[in-house]
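Below is one structure, written out as structure tokens; comments come after it.
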There are 2 protein chains.
Amino acid sequence: MKQAAPDTTSTGVGLVETHSVTFAHPPDELTLESGRKLGPITLAYETYGRLNREKSNAVLILHALSGDAHAAGYHDPDKDPGWWDVMIGPGRAFDTEKYFIICSNVIGGCKGSTGPSSTNPATGRPYGPDFPIITVADMVNAQSLLIDHLGIEKLLAVAGGSMGGMQALQWAAGHPHRVRAAIPIATALKHSPQQIAFDEVIRQSIMADPDWRKGNYYDHGQPNRGLAVARMIGHITFMSDTSMEEKFSRRLKNGVYGYSFAEDFEVEGYLRYRGDSFVKRFDANSYLYITKAMDYFDLSGGRLIHADREIETRFLVISFKSDWLYPSHQSREIVREIKRGRVDATYCELDSTYGHDAFLLETDAQTGLITHFLDNLGHRHA
Amino acid sequence: MKQAAPDTTSTGVGLVETHSVTFAHPPDELTLESGRKLGPITLAYETYGRLNREKSNAVLILHALSGDAHAAGYHDPDKDPGWWDVMIGPGRAFDTEKYFIICSNVIGGCKGSTGPSSTNPATGRPYGPDFPIITVADMVNAQSLLIDHLGIEKLLAVAGGSMGGMQALQWAAGHPHRVRAAIPIATALKHSPQQIAFDEVIRQSIMADPDWRKGNYYDHGQPNRGLAVARMIGHITFMSDTSMEEKFSRRLKNGVYGYSFAEDFEVEGYLRYRGDSFVKRFDANSYLYITKAMDYFDLSGGRLIHADREIETRFLVISFKSDWLYPSHQSREIVREIKRGRVDATYCELDSTYGHDAFLLETDAQTGLITHFLDNLGHRHA
């Protein structure tokens, strides 16, 4: 089938649009883990492929820290496809000829879902620092409203890398009756102190910028400088020592040392560029709220696997050798926790030099694993 | 001998003072690698132990990024000893009963040696951004004036960790006739793009702070916020995933999540404390200049070992297993480069969970190696 449709395969899902749904009728509020309430809640989402009659082929794709609902295809007139386009489409890992793919922007984000830059209905102005602290469980509970809205009782699979993997684990832990399989990639049951430390420096960098104005900057513009530095820190952690060596080595922009603090090495220019372009597309407060949610996430200590033995979510856990931000030992901890709950898990540590970015770049190896895993789910329950 | 003097051993070198020397007579200027000139040059330094009649027992200790001349003993009325006190003193690795120990603050620094916060003789005001870009070779060339001043022709050894190790390598490369042995610890022949990237983010964090004022802040006070964030980034890279886990794990300051951006995890409080205390003791411009010097350092490609076969500097190269900022493969590259020059090197990778900080903390293992190495130098040339 795949071989018979090469054009479709190579073109992916084509032009797509982001949809939006607001949960404004009772229950129009979500009770958050903190005890605070949030509502109405708007979720931005995209779907690819078709939901089958039995509504049994839905796969929820979950995005990472700075991701959004636009996982695949193209928005007219963008040149760049969605963030996981290489993995989603006809004949791809998440095959739109077989599966109905959903991706929604998390709450706390800034890409169409309710977050700190959204209008606070109580004031008519952006929430800013009045936005409540949210958790990964809150993100998932909000997504479950969307799954209800789409008329889906049970998802075939939930899948994502990094914070997307945390959400996949949270779906399995918090909504075990609604998930047949989970694919957490390059992620962890909980942040280590080193991961918390990087997030804290990122937050401090944003909050150190006087333009942050304690979060009330929407009338004045972003804290661009602090947010750019924050993103530069992030980018170092997304790559590996090896991938940086391969991409930049010590190459100089002008061939010789400039003996100034202007850009000398190509890697400096790359980081500055990534920092500067990030501030144009992402809200500083969202960066604060989402990193905090990741730091709070903790499904260790028996909280991942539901005690009800009737439920059996299947797991495919993937990590990458050069990923030092979410090192493989954290994925092995996920697997140990699953096995302690007497549930089967397939685990694969993939070779890659890309570091944490590998979940976005190592298409072939991930496609092989995921295709096989999803196919087996289908056969077993056919 | 050591066993006979336990009290001396345990008390170290006791009260010490920092000295200062200014090279103001011709040649009162140093021609820097950039081609610019710098002068007069003041160097702050300390010495411990006594120079022997033959002036053959001098060991130059070289400090890291934020270090200073105060390597050992106590300044009245400080509670804390010098930064490498555990390694310097009677019966210690650098045994002051045998060796005359010298440590000087690097140029570009802010602890008594000429740097960007020093008075520019041309204007009568602090140099600020008019201070020239300096390199590790410039630091070492300035130190050589001090060694001249002390009447020492040839150093028995040069030793240091991190940037101190770069200076040790630079002494061997640039002044091979003046160095009998070099002990580079937890260091590299050149910064990798990942190391440059961390330094660049550190610099951008400082320069993003409006209080930096393009380097002309001395009438107004430090760019405290940017410098604190910069130092927080540094501290993450100095520790290891494991040492952070051992020291902090996910312990919470108040036992429960605060659901705010105030300090939650102990590791956050630690980083904030380290950042805030750093701004009280270190000049932001010095941080810029010294990180740049480290990024420019590059003794790869045959520049480490002098072609003159009459010279034979001996090397003891030390690295630490959990040091991911200066990983062991960089020390192995140093050893390969030495061996390619047909010079012997002793290399030891020490077990440690402390990460890069290990060179300051792993006293016993380093003491064993260094004592033996220095003793053998003495015997061979006795």
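By order in the structure tokens, chains are A, B, ...; within a chain, residues start at 1; ligands start at 1, following the order shown.
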Would you give me, as a ChimeraX atom specification, the residues in range 138-335 of chain B that DSSP reads as helix (DSSP H, G or I)? /B:138-149,163-174,176-178,193-208,210-215,224-238,241-247,266-281,284-296,328-335
Please provide as a PyMOL selection string all residues within 12 Å of Glu246 in chain B, with the sequence filter that same-chain residues fewer than 5 positions apart are discarded (counting only C-alpha atoms). (chain A and resi 192-194) or (chain B and resi 239-241+251+267+353-354)
For the selection just defined, write its residues with N, CA and C atoms to a file, as a short mmCIF file (atom, residue, chain, number, x, y, z; two decimals), in the first residue's frame.
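Wrote it out as selection_20.cif, contents follow:
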data_model
loop_
_atom_site.label_atom_id
_atom_site.label_comp_id
_atom_site.auth_asym_id
_atom_site.auth_seq_id
_atom_site.Cartn_x
_atom_site.Cartn_y
_atom_site.Cartn_z
N SER A 192 14.84 15.56 37.29
CA SER A 192 15.96 15.50 38.23
C SER A 192 16.28 16.92 38.69
N PRO A 193 17.07 17.05 39.77
CA PRO A 193 17.47 18.41 40.18
C PRO A 193 18.22 19.15 39.08
N GLN A 194 18.97 18.44 38.22
CA GLN A 194 19.66 19.14 37.14
C GLN A 194 18.65 19.73 36.14
N MET B 239 28.56 21.11 38.47
CA MET B 239 28.12 19.92 39.21
C MET B 239 27.76 18.82 38.20
N SER B 240 27.50 17.63 38.71
CA SER B 240 27.05 16.54 37.84
C SER B 240 25.60 16.22 38.18
N ASP B 241 24.95 15.54 37.24
CA ASP B 241 23.61 15.02 37.46
C ASP B 241 23.57 14.27 38.80
N ARG B 251 14.01 17.56 46.89
CA ARG B 251 13.54 18.11 48.16
C ARG B 251 12.99 19.51 48.00
N VAL B 267 17.16 22.95 45.19
CA VAL B 267 18.17 23.25 44.18
C VAL B 267 17.97 24.67 43.62
N THR B 353 31.93 11.73 41.75
CA THR B 353 30.58 12.11 41.33
C THR B 353 30.43 13.63 41.35
N TYR B 354 31.49 14.35 41.67
CA TYR B 354 31.36 15.80 41.86
C TYR B 354 31.31 16.62 40.57
#
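The smallest atom-to-atom distance between chain B and any of A:Ile133, A:Leu325, A:Val343, A:Ile202, using only C-alpha atoms, is found for A:Ile133.
Near Leu369 in chain B, within 9 Å and counting only C-alpha atoms, sit Ala93, Leu316, Ile318, Cys348, Asp364, Ala365, Phe373 and Leu374 of chain B; same-chain residues fewer than 4 positions away were not included.
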Interface, chain A side, toward chain B (8 Å; only C-alpha atoms) as a PyMOL selection string: chain A and resi 34+132-133+192-194+196-198+200-201+204-205+208-209+225-226+229+232-233+236+240-241+244-245+248-250+257+259-261+267-268+271+292+296
Taking C-alpha atoms for each residue, export the selection above as a PDB file, in the first residue's frame.
ATOM      1  CA  SER A  34      -3.432  23.546  42.889  1.00  0.00           C
ATOM      2  CA  PRO A 132      -2.825  29.946  37.873  1.00  0.00           C
ATOM      3  CA  ILE A 133       0.115  27.570  38.068  1.00  0.00           C
ATOM      4  CA  SER A 192      15.959  15.499  38.228  1.00  0.00           C
ATOM      5  CA  PRO A 193      17.466  18.408  40.176  1.00  0.00           C
ATOM      6  CA  GLN A 194      19.658  19.143  37.139  1.00  0.00           C
ATOM      7  CA  ILE A 196      14.870  21.647  37.539  1.00  0.00           C
ATOM      8  CA  ALA A 197      18.062  23.718  37.713  1.00  0.00           C
ATOM      9  CA  PHE A 198      18.083  24.392  33.970  1.00  0.00           C
ATOM     10  CA  GLU A 200      15.012  27.625  37.076  1.00  0.00           C
ATOM     11  CA  VAL A 201      17.851  29.437  35.295  1.00  0.00           C
ATOM     12  CA  GLN A 204      15.340  33.588  36.307  1.00  0.00           C
ATOM     13  CA  SER A 205      16.689  34.823  32.998  1.00  0.00           C
ATOM     14  CA  ALA A 208      15.631  39.244  35.514  1.00  0.00           C
ATOM     15  CA  ASP A 209      14.675  41.274  32.448  1.00  0.00           C
ATOM     16  CA  ARG A 225      16.466  39.929  26.045  1.00  0.00           C
ATOM     17  CA  GLY A 226      15.740  37.640  28.981  1.00  0.00           C
ATOM     18  CA  VAL A 229      18.939  34.126  26.758  1.00  0.00           C
ATOM     19  CA  MET A 232      19.751  29.926  24.183  1.00  0.00           C
ATOM     20  CA  ILE A 233      20.208  27.918  27.391  1.00  0.00           C
ATOM     21  CA  ILE A 236      22.413  23.957  24.388  1.00  0.00           C
ATOM     22  CA  SER A 240      24.710  16.993  22.250  1.00  0.00           C
ATOM     23  CA  ASP A 241      28.424  17.674  22.568  1.00  0.00           C
ATOM     24  CA  MET A 244      27.484  20.571  18.172  1.00  0.00           C
ATOM     25  CA  GLU A 245      30.945  19.379  17.160  1.00  0.00           C
ATOM     26  CA  PHE A 248      29.828  23.882  14.245  1.00  0.00           C
ATOM     27  CA  SER A 249      33.170  22.606  15.509  1.00  0.00           C
ATOM     28  CA  ARG A 250      35.214  25.772  16.208  1.00  0.00           C
ATOM     29  CA  TYR A 257      39.354  35.909  15.922  1.00  0.00           C
ATOM     30  CA  TYR A 259      39.090  40.245  19.473  1.00  0.00           C
ATOM     31  CA  SER A 260      35.748  41.705  20.501  1.00  0.00           C
ATOM     32  CA  PHE A 261      32.501  40.449  22.029  1.00  0.00           C
ATOM     33  CA  VAL A 267      27.901  28.383  17.320  1.00  0.00           C
ATOM     34  CA  GLU A 268      27.503  31.833  18.890  1.00  0.00           C
ATOM     35  CA  LEU A 271      22.444  30.533  19.475  1.00  0.00           C
ATOM     36  CA  LYS A 292       7.099  24.971  36.149  1.00  0.00           C
ATOM     37  CA  TYR A 296       6.222  19.631  39.270  1.00  0.00           C
TER      38      TYR A 296
END
Rank nothing, just name the residue among B:Gly255, B:Pro126, B:Gly174, B:Gly151 nearest to Gly215 in chain B, using only C-alpha atoms.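 Of the candidates, the smallest distance to Gly215 in chain B is held by B:Pro126.
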Can you list, as a PDB file with N, CA and C atoms, in the first residue's frame, every protein, DNA or RNA residue that comes within 12 Å of Val136 in chain A when you count only C-alpha atoms, leaving out same-chain residues fewer than 4 positions away?
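And here's around32.pdb as it stands now:
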ATOM      1  N   LEU A  32      -8.006  22.770  39.019  1.00  0.00           N
ATOM      2  CA  LEU A  32      -6.597  22.460  38.805  1.00  0.00           C
ATOM      3  C   LEU A  32      -6.022  21.704  40.002  1.00  0.00           C
ATOM      4  N   GLU A  33      -4.871  21.121  39.817  1.00  0.00           N
ATOM      5  CA  GLU A  33      -4.214  20.409  40.916  1.00  0.00           C
ATOM      6  C   GLU A  33      -3.945  21.323  42.103  1.00  0.00           C
ATOM      7  N   SER A  34      -3.708  22.582  41.810  1.00  0.00           N
ATOM      8  CA  SER A  34      -3.432  23.546  42.889  1.00  0.00           C
ATOM      9  C   SER A  34      -4.666  23.827  43.733  1.00  0.00           C
ATOM     10  N   LEU A  62       1.215  14.586  21.450  1.00  0.00           N
ATOM     11  CA  LEU A  62       1.390  15.551  22.538  1.00  0.00           C
ATOM     12  C   LEU A  62       2.684  16.314  22.340  1.00  0.00           C
ATOM     13  N   HIS A  63       2.601  17.628  22.437  1.00  0.00           N
ATOM     14  CA  HIS A  63       3.786  18.417  22.065  1.00  0.00           C
ATOM     15  C   HIS A  63       4.677  18.756  23.258  1.00  0.00           C
ATOM     16  N   ALA A  64       5.889  19.190  22.918  1.00  0.00           N
ATOM     17  CA  ALA A  64       6.906  19.531  23.913  1.00  0.00           C
ATOM     18  C   ALA A  64       6.763  21.001  24.326  1.00  0.00           C
ATOM     19  N   LEU A  65       7.667  21.434  25.177  1.00  0.00           N
ATOM     20  CA  LEU A  65       7.659  22.772  25.781  1.00  0.00           C
ATOM     21  C   LEU A  65       7.177  23.906  24.877  1.00  0.00           C
ATOM     22  N   VAL A 106      -1.233  22.842  24.529  1.00  0.00           N
ATOM     23  CA  VAL A 106      -1.495  22.692  25.968  1.00  0.00           C
ATOM     24  C   VAL A 106      -2.039  23.981  26.570  1.00  0.00           C
ATOM     25  N   ILE A 107      -2.812  23.835  27.655  1.00  0.00           N
ATOM     26  CA  ILE A 107      -3.148  25.040  28.421  1.00  0.00           C
ATOM     27  C   ILE A 107      -1.858  25.551  29.075  1.00  0.00           C
ATOM     28  N   GLY A 108      -1.800  26.849  29.227  1.00  0.00           N
ATOM     29  CA  GLY A 108      -0.556  27.481  29.673  1.00  0.00           C
ATOM     30  C   GLY A 108       0.271  27.961  28.486  1.00  0.00           C
ATOM     31  N   GLY A 109      -0.037  27.422  27.303  1.00  0.00           N
ATOM     32  CA  GLY A 109       0.697  27.777  26.091  1.00  0.00           C
ATOM     33  C   GLY A 109       0.257  29.121  25.520  1.00  0.00           C
ATOM     34  N   VAL A 140      -3.497  17.575  30.689  1.00  0.00           N
ATOM     35  CA  VAL A 140      -4.127  16.343  30.206  1.00  0.00           C
ATOM     36  C   VAL A 140      -5.627  16.368  30.498  1.00  0.00           C
ATOM     37  N   ASN A 141      -6.022  16.866  31.661  1.00  0.00           N
ATOM     38  CA  ASN A 141      -7.449  16.961  31.969  1.00  0.00           C
ATOM     39  C   ASN A 141      -8.162  17.884  30.985  1.00  0.00           C
ATOM     40  N   ALA A 142      -7.486  18.962  30.580  1.00  0.00           N
ATOM     41  CA  ALA A 142      -8.077  19.854  29.576  1.00  0.00           C
ATOM     42  C   ALA A 142      -8.197  19.138  28.233  1.00  0.00           C
ATOM     43  N   GLN A 143      -7.157  18.383  27.861  1.00  0.00           N
ATOM     44  CA  GLN A 143      -7.214  17.621  26.604  1.00  0.00           C
ATOM     45  C   GLN A 143      -8.363  16.618  26.624  1.00  0.00           C
ATOM     46  N   SER A 162       9.649  14.349  25.104  1.00  0.00           N
ATOM     47  CA  SER A 162       9.970  15.383  26.088  1.00  0.00           C
ATOM     48  C   SER A 162       8.736  15.674  26.946  1.00  0.00           C
ATOM     49  N   MET A 163       8.255  16.912  27.015  1.00  0.00           N
ATOM     50  CA  MET A 163       7.041  17.154  27.798  1.00  0.00           C
ATOM     51  C   MET A 163       5.854  16.415  27.183  1.00  0.00           C
ATOM     52  N   GLY A 164       5.909  16.163  25.869  1.00  0.00           N
ATOM     53  CA  GLY A 164       4.875  15.339  25.243  1.00  0.00           C
ATOM     54  C   GLY A 164       4.861  13.933  25.820  1.00  0.00           C
ATOM     55  N   GLY A 165       6.026  13.422  26.141  1.00  0.00           N
ATOM     56  CA  GLY A 165       6.118  12.105  26.777  1.00  0.00           C
ATOM     57  C   GLY A 165       5.556  12.118  28.188  1.00  0.00           C
ATOM     58  N   MET A 166       5.775  13.230  28.899  1.00  0.00           N
ATOM     59  CA  MET A 166       5.177  13.354  30.239  1.00  0.00           C
ATOM     60  C   MET A 166       3.653  13.306  30.150  1.00  0.00           C
ATOM     61  N   GLN A 167       3.117  14.010  29.155  1.00  0.00           N
ATOM     62  CA  GLN A 167       1.658  13.993  28.989  1.00  0.00           C
ATOM     63  C   GLN A 167       1.169  12.588  28.641  1.00  0.00           C
ATOM     64  N   ALA A 168       1.939  11.876  27.813  1.00  0.00           N
ATOM     65  CA  ALA A 168       1.555  10.497  27.472  1.00  0.00           C
ATOM     66  C   ALA A 168       1.502   9.646  28.740  1.00  0.00           C
ATOM     67  N   LEU A 169       2.520   9.795  29.591  1.00  0.00           N
ATOM     68  CA  LEU A 169       2.535   9.048  30.854  1.00  0.00           C
ATOM     69  C   LEU A 169       1.369   9.481  31.741  1.00  0.00           C
ATOM     70  N   GLN A 170       1.085  10.780  31.746  1.00  0.00           N
ATOM     71  CA  GLN A 170       0.002  11.288  32.590  1.00  0.00           C
ATOM     72  C   GLN A 170      -1.357  10.782  32.114  1.00  0.00           C
ATOM     73  N   TRP A 171      -1.537  10.672  30.791  1.00  0.00           N
ATOM     74  CA  TRP A 171      -2.761  10.076  30.257  1.00  0.00           C
ATOM     75  C   TRP A 171      -2.927   8.639  30.775  1.00  0.00           C
ATOM     76  N   ALA A 173      -1.628   7.353  33.437  1.00  0.00           N
ATOM     77  CA  ALA A 173      -1.795   7.324  34.895  1.00  0.00           C
ATOM     78  C   ALA A 173      -3.148   7.876  35.324  1.00  0.00           C
ATOM     79  N   GLY A 174      -3.579   8.950  34.668  1.00  0.00           N
ATOM     80  CA  GLY A 174      -4.768   9.666  35.139  1.00  0.00           C
ATOM     81  C   GLY A 174      -6.052   9.255  34.449  1.00  0.00           C
ATOM     82  N   LEU A 189       9.921  10.209  34.355  1.00  0.00           N
ATOM     83  CA  LEU A 189       8.828  10.131  35.338  1.00  0.00           C
ATOM     84  C   LEU A 189       8.779  11.394  36.189  1.00  0.00           C
ATOM     85  N   LYS A 190       9.934  12.038  36.304  1.00  0.00           N
ATOM     86  CA  LYS A 190      10.042  13.256  37.111  1.00  0.00           C
ATOM     87  C   LYS A 190      11.347  13.941  36.732  1.00  0.00           C
ATOM     88  N   TYR A 289       5.364  29.292  32.906  1.00  0.00           N
ATOM     89  CA  TYR A 289       4.331  28.373  33.405  1.00  0.00           C
ATOM     90  C   TYR A 289       4.587  26.934  32.963  1.00  0.00           C
ATOM     91  N   ILE A 290       5.040  26.777  31.727  1.00  0.00           N
ATOM     92  CA  ILE A 290       5.201  25.412  31.225  1.00  0.00           C
ATOM     93  C   ILE A 290       6.422  24.742  31.846  1.00  0.00           C
ATOM     94  N   THR A 291       7.519  25.501  32.024  1.00  0.00           N
ATOM     95  CA  THR A 291       8.673  24.879  32.692  1.00  0.00           C
ATOM     96  C   THR A 291       8.313  24.484  34.119  1.00  0.00           C
ATOM     97  N   LYS A 292       7.509  25.299  34.773  1.00  0.00           N
ATOM     98  CA  LYS A 292       7.099  24.971  36.149  1.00  0.00           C
ATOM     99  C   LYS A 292       6.274  23.685  36.168  1.00  0.00           C
ATOM    100  N   ALA A 293       5.369  23.558  35.204  1.00  0.00           N
ATOM    101  CA  ALA A 293       4.560  22.332  35.118  1.00  0.00           C
ATOM    102  C   ALA A 293       5.462  21.109  34.974  1.00  0.00           C
ATOM    103  N   MET A 294       6.497  21.235  34.163  1.00  0.00           N
ATOM    104  CA  MET A 294       7.408  20.102  33.969  1.00  0.00           C
ATOM    105  C   MET A 294       8.162  19.785  35.259  1.00  0.00           C
ATOM    106  N   ASP A 295       8.565  20.814  35.977  1.00  0.00           N
ATOM    107  CA  ASP A 295       9.306  20.579  37.224  1.00  0.00           C
ATOM    108  C   ASP A 295       8.429  19.894  38.277  1.00  0.00           C
ATOM    109  N   TYR A 296       7.138  20.233  38.287  1.00  0.00           N
ATOM    110  CA  TYR A 296       6.222  19.631  39.270  1.00  0.00           C
ATOM    111  C   TYR A 296       5.861  18.186  38.940  1.00  0.00           C
ATOM    112  N   PHE A 297       5.969  17.830  37.657  1.00  0.00           N
ATOM    113  CA  PHE A 297       5.564  16.490  37.220  1.00  0.00           C
ATOM    114  C   PHE A 297       6.339  15.424  37.983  1.00  0.00           C
ATOM    115  N   ASP A 298       5.608  14.456  38.524  1.00  0.00           N
ATOM    116  CA  ASP A 298       6.270  13.363  39.257  1.00  0.00           C
ATOM    117  C   ASP A 298       5.331  12.166  39.351  1.00  0.00           C
ATOM    118  N   LEU A 299       5.573  11.171  38.506  1.00  0.00           N
ATOM    119  CA  LEU A 299       4.775   9.935  38.532  1.00  0.00           C
ATOM    120  C   LEU A 299       5.585   8.774  39.095  1.00  0.00           C
TER     121      LEU A 299
END
All strand (DSSP E) residues (DSSP, backbone) inside range 127-258 of chain B, as a list in words: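 Output for range 127-258 of chain B, strand (DSSP E) only: Ala157, Val158, Ala159, Gly160, Gly161, Ala181, Ala182, Ile183, Pro184 and Ile185 of chain B.
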Write out, as a PDB file, in the first residue's frame, the residues just selected, with C-alpha atoms.
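File out.pdb, as written:
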ATOM      1  CA  ALA B 157      55.931  22.823  38.078  1.00  0.00           C
ATOM      2  CA  VAL B 158      52.845  24.666  36.932  1.00  0.00           C
ATOM      3  CA  ALA B 159      49.494  23.273  38.019  1.00  0.00           C
ATOM      4  CA  GLY B 160      45.829  24.132  37.905  1.00  0.00           C
ATOM      5  CA  GLY B 161      42.311  22.957  37.138  1.00  0.00           C
ATOM      6  CA  ALA B 181      56.569  19.880  34.724  1.00  0.00           C
ATOM      7  CA  ALA B 182      52.938  20.702  34.075  1.00  0.00           C
ATOM      8  CA  ILE B 183      49.844  19.382  35.841  1.00  0.00           C
ATOM      9  CA  PRO B 184      46.738  20.243  33.803  1.00  0.00           C
ATOM     10  CA  ILE B 185      43.589  19.096  35.606  1.00  0.00           C
TER      11      ILE B 185
END
